[in-house]
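Here is the structure we will look at, set down as structure tokens.
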Amino acid sequence: MAALKSVLTSWEKRLTAVHTECGALEPVLRETAWAQGEVDAGVKSALAQFSAPAGEGR
């Protein structure tokens, strides 16, 4: 039983560490997602000038 308690304690510490790290990364990941969305919108806008007229697709 003592061995199981040791394993449980070890996993609880690991999960707490992962939870803490994910919490610290959240703002950075949200900012990155927002910035990527802005880049995607800019690329879409820039490529729109090269779009084929309707009905002339491949």
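The chains in the structure tokens are called A, B, ... from first to last as shown; in each chain the residues are counted from 1, and the ligands are counted from 1 in the order shown.
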- Task: Mind listing the helix (DSSP H, G or I) residues of chain A, per DSSP on the backbone, as a ChimeraX atom specification?
- Result: /A:2-48
- Message: Could you tell me how far CA of Val28 (chain A) sits from CA of Gly42 (chain A), in Å to one decimal place?
- Response: 21.1 Å
